[in-house]
Amino acid sequence: MIKKSWSVVITMVLCGLLVAALFVMIAVMPQLADWYYFTVRHGASGDGKPLLVAFYLCVPGAFFAVYHLMRLMHNIYKNDVFILRNVTHLRCLAWSCGYVAVVTLVVGVVLGYLPLLIISFAALFFCLCIRVIRHVMGAAVEIKTENELTI
Amino acid sequence: MRIVVNLDVMMAKRKISSGELAKKIDLTPANLSVLKMGRAKAVRFSTLCALCEALDCQPGDILEFRKDEEDE
């Protein structure tokens with residue numbers, strides 16, 4: 001069985017890799033979008049611009065989410081699990097998922113591009129899951145505080 | 001409406017220090033301070049029992065129910 005601290009470290013390393021992947025994607029996305037439209041969808045070069053706009057609009061949300069995820073994992077690593085700050089981090093994660101859902105939904109509807117609508121649905125689903133976890137965490141923090149103040 | 005903890009009053013009446021009382025009832029000084037300052041959310045019956053025994057008093061001597069002015 002993997003030790004708890006190792007699991008947290010692995011998650012933090014994966015977050016770091018995600019940040020690196022984001023930077024790479026930011027750099028190569030224009031070429032990637034062009035290649036996709038030109039070879040896969042057989043369109044003219046430059047057709048991928050709306051997709052690029054959607055991607056670059058989503059990037060701040062992604063960085064925001066990764067930052068809060070890393071802060072959350074850092075707190076868990078320090079054994080500060082049921083604290084109000086973690087509830088705030090989860091709330092920010094949910095908001096960033098919601099933001100990505102809205103951006104991809106708008107661009108997906110405007111372009112009539114199904115994969116973006118699927119991404120939007122996935123982001124919305126994640127947002128909902130994180131909100132549920134946030135509520136559970138909030139209740140746990142409240143119970144912990146009450147328990148600590150029971151003499 | 002709130003419950004007021006009059007532990008400091010009873011301790012003064014019995015002339016007992018916080019450290020001494022904490023030792024007597026097997027409570028940490030920090031927890032006793034939380035109780036004394038009225039920051040506690042709940043009191044266990046076992047703690048109340050120990051307090052009453054150590055201070056030779058009734059629960060009503062330590063805890064008091066007070067109505068807020070707005071409720072009246």
# chains A, B, ... in the order shown; residues from 1 in each chain; ligands from 1
call {"tool": "select_by_dssp", "arguments": {"residues": "range 18-114 of chain A", "states": "alpha helix (DSSP H)", "output": "JSON, numbers by chain"}}
result
{"A": [18, 19, 20, 21, 22, 23, 24, 25, 26, 27, 28, 29, 30, 31, 32, 33, 34, 35, 49, 50, 51, 52, 53, 54, 55, 56, 57, 58, 59, 60, 61, 62, 63, 64, 65, 66, 67, 68, 69, 70, 71, 72, 73, 74, 75, 76, 77, 84, 85, 86, 87, 88, 89, 90, 91, 92, 93, 94, 95, 96, 97, 98, 99, 100, 101, 102, 103, 104, 105, 106, 107, 108, 109, 110, 111, 114]}
call {"tool": "select_by_dssp", "arguments": {"residues": "chain B", "states": "strand (DSSP E or B)", "output": "PyMOL selection string"}}
result
chain B and resi 2-5+42+63-66
call {"tool": "closest_residue", "arguments": {"among": "B:Cys52, B:Val34, B:Leu27, B:Ala42", "to": "Met10 in chain B", "atoms": "only C-alpha atoms"}}
result
B:Cys52
call {"tool": "residues_around", "arguments": {"residues": "range 27-41 of chain A", "least_positions_apart": "5", "cutoff": "12 Å", "atoms": "only C-alpha atoms", "output": "ChimeraX atom specification"}}
result
/A:20-22,46-56,59,113
call {"tool": "closest_atom_pairs", "arguments": {"of": "chain A", "to": "chain B", "cutoff": "10 Å", "atoms": "only C-alpha atoms", "output": "CSV"}}
result
residue,atom,partner,partner_atom,distance
A:Thr145,CA,B:Lys41,CA,8.7
A:Glu146,CA,B:Lys41,CA,6.0
A:Asn147,CA,B:Lys41,CA,8.1
A:Glu148,CA,B:Lys41,CA,8.6
A:Leu149,CA,B:Ala40,CA,4.8
A:Thr150,CA,B:Ala42,CA,4.5
A:Ile151,CA,B:Val43,CA,5.0
call {"tool": "write_last_selection", "arguments": {"atoms": "all heavy atoms", "output": "PDB file, in the first residue's frame"}}
result
ATOM      1  N   THR A 145     -14.186  21.892  14.640  1.00  0.00           N
ATOM      2  CA  THR A 145     -14.094  23.058  15.528  1.00  0.00           C
ATOM      3  C   THR A 145     -14.932  22.829  16.778  1.00  0.00           C
ATOM      4  O   THR A 145     -14.495  23.108  17.898  1.00  0.00           O
ATOM      5  CB  THR A 145     -14.585  24.322  14.781  1.00  0.00           C
ATOM      6  OG1 THR A 145     -13.950  24.376  13.523  1.00  0.00           O
ATOM      7  CG2 THR A 145     -14.276  25.581  15.563  1.00  0.00           C
ATOM      8  N   GLU A 146     -16.157  22.329  16.552  1.00  0.00           N
ATOM      9  CA  GLU A 146     -17.063  22.077  17.673  1.00  0.00           C
ATOM     10  C   GLU A 146     -16.477  21.023  18.616  1.00  0.00           C
ATOM     11  O   GLU A 146     -16.538  21.161  19.831  1.00  0.00           O
ATOM     12  CB  GLU A 146     -18.405  21.606  17.128  1.00  0.00           C
ATOM     13  CG  GLU A 146     -19.541  21.894  18.094  1.00  0.00           C
ATOM     14  CD  GLU A 146     -20.865  22.009  17.370  1.00  0.00           C
ATOM     15  OE1 GLU A 146     -21.023  22.943  16.571  1.00  0.00           O
ATOM     16  OE2 GLU A 146     -21.712  21.163  17.610  1.00  0.00           O
ATOM     17  N   ASN A 147     -15.873  19.991  18.007  1.00  0.00           N
ATOM     18  CA  ASN A 147     -15.269  18.923  18.804  1.00  0.00           C
ATOM     19  C   ASN A 147     -14.084  19.435  19.617  1.00  0.00           C
ATOM     20  O   ASN A 147     -13.905  19.058  20.778  1.00  0.00           O
ATOM     21  CB  ASN A 147     -14.824  17.802  17.857  1.00  0.00           C
ATOM     22  CG  ASN A 147     -14.468  16.549  18.617  1.00  0.00           C
ATOM     23  OD1 ASN A 147     -15.159  16.190  19.566  1.00  0.00           O
ATOM     24  ND2 ASN A 147     -13.412  15.899  18.220  1.00  0.00           N
ATOM     25  N   GLU A 148     -13.298  20.320  18.982  1.00  0.00           N
ATOM     26  CA  GLU A 148     -12.135  20.877  19.683  1.00  0.00           C
ATOM     27  C   GLU A 148     -12.553  21.775  20.837  1.00  0.00           C
ATOM     28  O   GLU A 148     -11.829  21.909  21.824  1.00  0.00           O
ATOM     29  CB  GLU A 148     -11.268  21.664  18.699  1.00  0.00           C
ATOM     30  CG  GLU A 148     -10.316  20.792  17.927  1.00  0.00           C
ATOM     31  CD  GLU A 148      -9.569  21.547  16.846  1.00  0.00           C
ATOM     32  OE1 GLU A 148      -9.853  22.740  16.627  1.00  0.00           O
ATOM     33  OE2 GLU A 148      -8.730  20.923  16.196  1.00  0.00           O
ATOM     34  N   LEU A 149     -13.724  22.412  20.676  1.00  0.00           N
ATOM     35  CA  LEU A 149     -14.186  23.330  21.718  1.00  0.00           C
ATOM     36  C   LEU A 149     -15.176  22.658  22.671  1.00  0.00           C
ATOM     37  O   LEU A 149     -15.912  23.325  23.382  1.00  0.00           O
ATOM     38  CB  LEU A 149     -14.806  24.584  21.086  1.00  0.00           C
ATOM     39  CG  LEU A 149     -13.804  25.513  20.400  1.00  0.00           C
ATOM     40  CD1 LEU A 149     -14.509  26.643  19.677  1.00  0.00           C
ATOM     41  CD2 LEU A 149     -12.813  26.096  21.400  1.00  0.00           C
ATOM     42  N   THR A 150     -15.206  21.332  22.637  1.00  0.00           N
ATOM     43  CA  THR A 150     -15.993  20.595  23.625  1.00  0.00           C
ATOM     44  C   THR A 150     -15.038  20.176  24.734  1.00  0.00           C
ATOM     45  O   THR A 150     -14.093  19.432  24.516  1.00  0.00           O
ATOM     46  CB  THR A 150     -16.661  19.360  22.987  1.00  0.00           C
ATOM     47  OG1 THR A 150     -17.559  19.809  21.992  1.00  0.00           O
ATOM     48  CG2 THR A 150     -17.427  18.551  24.029  1.00  0.00           C
ATOM     49  N   ILE A 151     -15.301  20.718  25.902  1.00  0.00           N
ATOM     50  CA  ILE A 151     -14.363  20.489  27.019  1.00  0.00           C
ATOM     51  C   ILE A 151     -14.895  19.381  27.926  1.00  0.00           C
ATOM     52  O   ILE A 151     -16.033  19.414  28.333  1.00  0.00           O
ATOM     53  CB  ILE A 151     -14.172  21.801  27.841  1.00  0.00           C
ATOM     54  CG1 ILE A 151     -13.890  22.975  26.902  1.00  0.00           C
ATOM     55  CG2 ILE A 151     -13.082  21.622  28.872  1.00  0.00           C
ATOM     56  CD1 ILE A 151     -12.616  22.913  26.119  1.00  0.00           C
TER      57      ILE A 151
END
call {"tool": "residues_around", "arguments": {"residues": "range 118-133 of chain A", "least_positions_apart": "2", "cutoff": "10 Å", "atoms": "only C-alpha atoms", "output": "list in words"}}
result
Val87, Leu90, Arg91, Cys92, Leu93, Ala94, Trp95, Ser96, Cys97, Gly98, Tyr99, Val100, Ala101, Val102, Val103, Thr104, Leu105, Val106, Val107, Gly108, Tyr113, Leu114, Pro115, Leu116, His135, Val136, Met137, Gly138 and Ala139 of chain A
call {"tool": "write_last_selection", "arguments": {"atoms": "N, CA and C atoms", "output": "PDB file, in the first residue's frame"}}
result
ATOM      1  N   VAL A  87     -11.248  24.823   2.437  1.00  0.00           N
ATOM      2  CA  VAL A  87     -12.601  25.031   1.889  1.00  0.00           C
ATOM      3  C   VAL A  87     -12.540  26.131   0.831  1.00  0.00           C
ATOM      4  N   LEU A  90     -10.952  24.789  -2.313  1.00  0.00           N
ATOM      5  CA  LEU A  90     -11.906  23.962  -3.071  1.00  0.00           C
ATOM      6  C   LEU A  90     -12.921  24.848  -3.789  1.00  0.00           C
ATOM      7  N   ARG A  91     -13.335  25.939  -3.118  1.00  0.00           N
ATOM      8  CA  ARG A  91     -14.287  26.861  -3.748  1.00  0.00           C
ATOM      9  C   ARG A  91     -13.666  27.471  -5.003  1.00  0.00           C
ATOM     10  N   CYS A  92     -12.387  27.875  -4.898  1.00  0.00           N
ATOM     11  CA  CYS A  92     -11.694  28.463  -6.049  1.00  0.00           C
ATOM     12  C   CYS A  92     -11.557  27.444  -7.179  1.00  0.00           C
ATOM     13  N   LEU A  93     -11.287  26.185  -6.806  1.00  0.00           N
ATOM     14  CA  LEU A  93     -11.195  25.114  -7.821  1.00  0.00           C
ATOM     15  C   LEU A  93     -12.525  24.962  -8.553  1.00  0.00           C
ATOM     16  N   ALA A  94     -13.615  24.994  -7.768  1.00  0.00           N
ATOM     17  CA  ALA A  94     -14.950  24.848  -8.373  1.00  0.00           C
ATOM     18  C   ALA A  94     -15.238  26.015  -9.310  1.00  0.00           C
ATOM     19  N   TRP A  95     -14.849  27.237  -8.869  1.00  0.00           N
ATOM     20  CA  TRP A  95     -15.079  28.418  -9.714  1.00  0.00           C
ATOM     21  C   TRP A  95     -14.285  28.345 -11.012  1.00  0.00           C
ATOM     22  N   SER A  96     -13.049  27.855 -10.929  1.00  0.00           N
ATOM     23  CA  SER A  96     -12.248  27.780 -12.150  1.00  0.00           C
ATOM     24  C   SER A  96     -12.833  26.748 -13.110  1.00  0.00           C
ATOM     25  N   CYS A  97     -13.346  25.640 -12.563  1.00  0.00           N
ATOM     26  CA  CYS A  97     -14.008  24.646 -13.428  1.00  0.00           C
ATOM     27  C   CYS A  97     -15.253  25.259 -14.072  1.00  0.00           C
ATOM     28  N   GLY A  98     -15.992  26.017 -13.280  1.00  0.00           N
ATOM     29  CA  GLY A  98     -17.190  26.685 -13.799  1.00  0.00           C
ATOM     30  C   GLY A  98     -16.839  27.659 -14.911  1.00  0.00           C
ATOM     31  N   TYR A  99     -15.722  28.379 -14.709  1.00  0.00           N
ATOM     32  CA  TYR A  99     -15.264  29.358 -15.711  1.00  0.00           C
ATOM     33  C   TYR A  99     -14.938  28.654 -17.025  1.00  0.00           C
ATOM     34  N   VAL A 100     -14.194  27.543 -16.922  1.00  0.00           N
ATOM     35  CA  VAL A 100     -13.824  26.785 -18.137  1.00  0.00           C
ATOM     36  C   VAL A 100     -15.091  26.241 -18.812  1.00  0.00           C
ATOM     37  N   ALA A 101     -16.049  25.793 -17.986  1.00  0.00           N
ATOM     38  CA  ALA A 101     -17.308  25.263 -18.544  1.00  0.00           C
ATOM     39  C   ALA A 101     -18.032  26.335 -19.349  1.00  0.00           C
ATOM     40  N   VAL A 102     -18.092  27.553 -18.801  1.00  0.00           N
ATOM     41  CA  VAL A 102     -18.808  28.645 -19.481  1.00  0.00           C
ATOM     42  C   VAL A 102     -18.091  29.024 -20.782  1.00  0.00           C
ATOM     43  N   VAL A 103     -16.756  29.182 -20.698  1.00  0.00           N
ATOM     44  CA  VAL A 103     -15.986  29.579 -21.895  1.00  0.00           C
ATOM     45  C   VAL A 103     -16.142  28.546 -23.007  1.00  0.00           C
ATOM     46  N   THR A 104     -15.964  27.263 -22.655  1.00  0.00           N
ATOM     47  CA  THR A 104     -16.051  26.222 -23.691  1.00  0.00           C
ATOM     48  C   THR A 104     -17.478  26.081 -24.226  1.00  0.00           C
ATOM     49  N   LEU A 105     -18.457  26.326 -23.346  1.00  0.00           N
ATOM     50  CA  LEU A 105     -19.857  26.250 -23.787  1.00  0.00           C
ATOM     51  C   LEU A 105     -20.156  27.348 -24.810  1.00  0.00           C
ATOM     52  N   VAL A 106     -19.731  28.578 -24.477  1.00  0.00           N
ATOM     53  CA  VAL A 106     -20.000  29.706 -25.384  1.00  0.00           C
ATOM     54  C   VAL A 106     -19.308  29.480 -26.730  1.00  0.00           C
ATOM     55  N   VAL A 107     -18.010  29.145 -26.682  1.00  0.00           N
ATOM     56  CA  VAL A 107     -17.272  28.946 -27.945  1.00  0.00           C
ATOM     57  C   VAL A 107     -17.816  27.732 -28.695  1.00  0.00           C
ATOM     58  N   GLY A 108     -18.155  26.676 -27.957  1.00  0.00           N
ATOM     59  CA  GLY A 108     -18.706  25.466 -28.577  1.00  0.00           C
ATOM     60  C   GLY A 108     -20.021  25.735 -29.278  1.00  0.00           C
ATOM     61  N   TYR A 113     -19.239  23.271 -32.330  1.00  0.00           N
ATOM     62  CA  TYR A 113     -18.177  22.254 -32.270  1.00  0.00           C
ATOM     63  C   TYR A 113     -18.424  21.340 -31.076  1.00  0.00           C
ATOM     64  N   LEU A 114     -18.805  20.098 -31.379  1.00  0.00           N
ATOM     65  CA  LEU A 114     -19.234  19.148 -30.336  1.00  0.00           C
ATOM     66  C   LEU A 114     -18.183  18.854 -29.264  1.00  0.00           C
ATOM     67  N   PRO A 115     -16.886  18.608 -29.637  1.00  0.00           N
ATOM     68  CA  PRO A 115     -15.894  18.293 -28.582  1.00  0.00           C
ATOM     69  C   PRO A 115     -15.824  19.368 -27.484  1.00  0.00           C
ATOM     70  N   LEU A 116     -15.975  20.644 -27.870  1.00  0.00           N
ATOM     71  CA  LEU A 116     -15.942  21.719 -26.868  1.00  0.00           C
ATOM     72  C   LEU A 116     -17.138  21.618 -25.928  1.00  0.00           C
ATOM     73  N   HIS A 135     -18.702  21.336   0.268  1.00  0.00           N
ATOM     74  CA  HIS A 135     -19.739  21.358   1.306  1.00  0.00           C
ATOM     75  C   HIS A 135     -19.436  20.337   2.403  1.00  0.00           C
ATOM     76  N   VAL A 136     -18.977  19.154   1.971  1.00  0.00           N
ATOM     77  CA  VAL A 136     -18.626  18.101   2.941  1.00  0.00           C
ATOM     78  C   VAL A 136     -17.464  18.581   3.808  1.00  0.00           C
ATOM     79  N   MET A 137     -16.458  19.184   3.150  1.00  0.00           N
ATOM     80  CA  MET A 137     -15.288  19.688   3.881  1.00  0.00           C
ATOM     81  C   MET A 137     -15.697  20.800   4.860  1.00  0.00           C
ATOM     82  N   GLY A 138     -16.607  21.677   4.415  1.00  0.00           N
ATOM     83  CA  GLY A 138     -17.087  22.759   5.285  1.00  0.00           C
ATOM     84  C   GLY A 138     -17.762  22.202   6.530  1.00  0.00           C
ATOM     85  N   ALA A 139     -18.595  21.172   6.318  1.00  0.00           N
ATOM     86  CA  ALA A 139     -19.287  20.539   7.452  1.00  0.00           C
ATOM     87  C   ALA A 139     -18.277  19.872   8.380  1.00  0.00           C
TER      88      ALA A 139
END
call {"tool": "residues_around", "arguments": {"residues": "Leu72 in chain A", "least_positions_apart": "3", "cutoff": "7 Å", "atoms": "only C-alpha atoms", "output": "ChimeraX atom specification"}}
result
/A:68-69,75-76,86,89
call {"tool": "write_last_selection", "arguments": {"atoms": "C-alpha atoms", "output": "PDB file, in the first residue's frame"}}
result
ATOM      1  CA  HIS A  68      -5.232  26.192  -5.592  1.00  0.00           C
ATOM      2  CA  LEU A  69      -4.821  22.435  -6.074  1.00  0.00           C
ATOM      3  CA  ASN A  75      -1.869  21.852   3.378  1.00  0.00           C
ATOM      4  CA  ILE A  76      -2.808  18.160   3.305  1.00  0.00           C
ATOM      5  CA  ASN A  86      -8.889  24.283   2.276  1.00  0.00           C
ATOM      6  CA  HIS A  89      -9.161  26.427  -2.109  1.00  0.00           C
TER       7      HIS A  89
END
call {"tool": "residues_around", "arguments": {"residues": "Asp8 in chain B", "least_positions_apart": "2", "cutoff": "12 Å", "atoms": "only C-alpha atoms", "output": "PDB file with C-alpha atoms, in the first residue's frame"}}
result
ATOM      1  CA  VAL B   4     -22.605  32.122  30.724  1.00  0.00           C
ATOM      2  CA  VAL B   5     -19.779  30.237  32.430  1.00  0.00           C
ATOM      3  CA  ASN B   6     -19.185  31.549  35.939  1.00  0.00           C
ATOM      4  CA  MET B  10     -16.569  29.875  41.718  1.00  0.00           C
ATOM      5  CA  MET B  11     -12.787  29.531  41.561  1.00  0.00           C
ATOM      6  CA  ALA B  12     -12.394  32.848  43.395  1.00  0.00           C
ATOM      7  CA  LYS B  13     -14.933  31.748  46.005  1.00  0.00           C
ATOM      8  CA  ARG B  14     -13.043  28.489  46.591  1.00  0.00           C
ATOM      9  CA  LYS B  15      -9.687  30.265  46.356  1.00  0.00           C
ATOM     10  CA  ILE B  16      -8.294  27.831  43.812  1.00  0.00           C
ATOM     11  CA  SER B  17      -5.926  28.661  40.961  1.00  0.00           C
ATOM     12  CA  SER B  18      -6.417  27.600  37.338  1.00  0.00           C
ATOM     13  CA  LEU B  21      -8.007  23.089  39.273  1.00  0.00           C
ATOM     14  CA  LEU B  32      -9.695  25.135  31.213  1.00  0.00           C
ATOM     15  CA  SER B  33      -8.904  28.596  29.886  1.00  0.00           C
ATOM     16  CA  VAL B  34     -11.253  28.016  26.910  1.00  0.00           C
ATOM     17  CA  LEU B  35     -13.994  27.034  29.361  1.00  0.00           C
ATOM     18  CA  LYS B  36     -13.289  29.986  31.666  1.00  0.00           C
ATOM     19  CA  MET B  37     -13.323  32.515  28.826  1.00  0.00           C
ATOM     20  CA  GLY B  38     -16.678  31.192  27.604  1.00  0.00           C
ATOM     21  CA  LEU B  51     -15.698  20.508  38.190  1.00  0.00           C
ATOM     22  CA  LEU B  55     -15.277  23.064  43.535  1.00  0.00           C
ATOM     23  CA  ASP B  61     -23.251  27.601  40.211  1.00  0.00           C
ATOM     24  CA  ILE B  62     -20.953  27.272  37.208  1.00  0.00           C
ATOM     25  CA  LEU B  63     -23.396  27.655  34.315  1.00  0.00           C
TER      26      LEU B  63
END
call {"tool": "closest_residue", "arguments": {"among": "A:Ala140, A:Val19, A:Val8, A:Val13", "to": "Phe64 in chain A", "atoms": "only C-alpha atoms"}}
result
A:Val19
call {"tool": "atom_distance", "arguments": {"atom1": "CA of Met12 in chain A", "atom2": "CA of Gly61 in chain A"}}
result
18.2 Å
call {"tool": "decode", "arguments": {"residues": "range 10-54 of chain B", "atoms": "C-alpha atoms", "output": "compact mmCIF listing (two decimals), in the first residue's frame"}}
result
# COMPACT_ATOMS: atom_id res chain seq x y z
CA MET B 10 -16.57 29.88 41.72
CA MET B 11 -12.79 29.53 41.56
CA ALA B 12 -12.39 32.85 43.40
CA LYS B 13 -14.93 31.75 46.01
CA ARG B 14 -13.04 28.49 46.59
CA LYS B 15 -9.69 30.27 46.36
CA ILE B 16 -8.29 27.83 43.81
CA SER B 17 -5.93 28.66 40.96
CA SER B 18 -6.42 27.60 37.34
CA GLY B 19 -3.38 25.35 37.37
CA GLU B 20 -4.48 23.64 40.55
CA LEU B 21 -8.01 23.09 39.27
CA ALA B 22 -6.76 21.83 35.91
CA LYS B 23 -4.57 19.31 37.73
CA LYS B 24 -7.43 18.26 40.03
CA ILE B 25 -9.90 17.54 37.24
CA ASP B 26 -7.28 16.20 34.81
CA LEU B 27 -7.81 18.90 32.18
CA THR B 28 -5.18 20.82 30.22
CA PRO B 29 -4.74 24.46 31.34
CA ALA B 30 -5.50 25.51 27.75
CA ASN B 31 -8.87 23.73 27.78
CA LEU B 32 -9.69 25.13 31.21
CA SER B 33 -8.90 28.60 29.89
CA VAL B 34 -11.25 28.02 26.91
CA LEU B 35 -13.99 27.03 29.36
CA LYS B 36 -13.29 29.99 31.67
CA MET B 37 -13.32 32.52 28.83
CA GLY B 38 -16.68 31.19 27.60
CA ARG B 39 -15.27 30.11 24.23
CA ALA B 40 -16.31 26.47 24.70
CA LYS B 41 -19.06 25.17 22.41
CA ALA B 42 -20.06 22.31 24.72
CA VAL B 43 -19.21 20.81 28.11
CA ARG B 44 -19.09 17.07 28.69
CA PHE B 45 -21.07 15.73 31.66
CA SER B 46 -17.86 14.09 32.91
CA THR B 47 -16.07 17.46 32.91
CA LEU B 48 -19.00 19.15 34.65
CA CYS B 49 -19.09 16.36 37.19
CA ALA B 50 -15.37 16.72 37.91
CA LEU B 51 -15.70 20.51 38.19
CA CYS B 52 -18.62 20.24 40.63
CA GLU B 53 -16.69 17.73 42.71
CA ALA B 54 -13.49 19.81 42.76
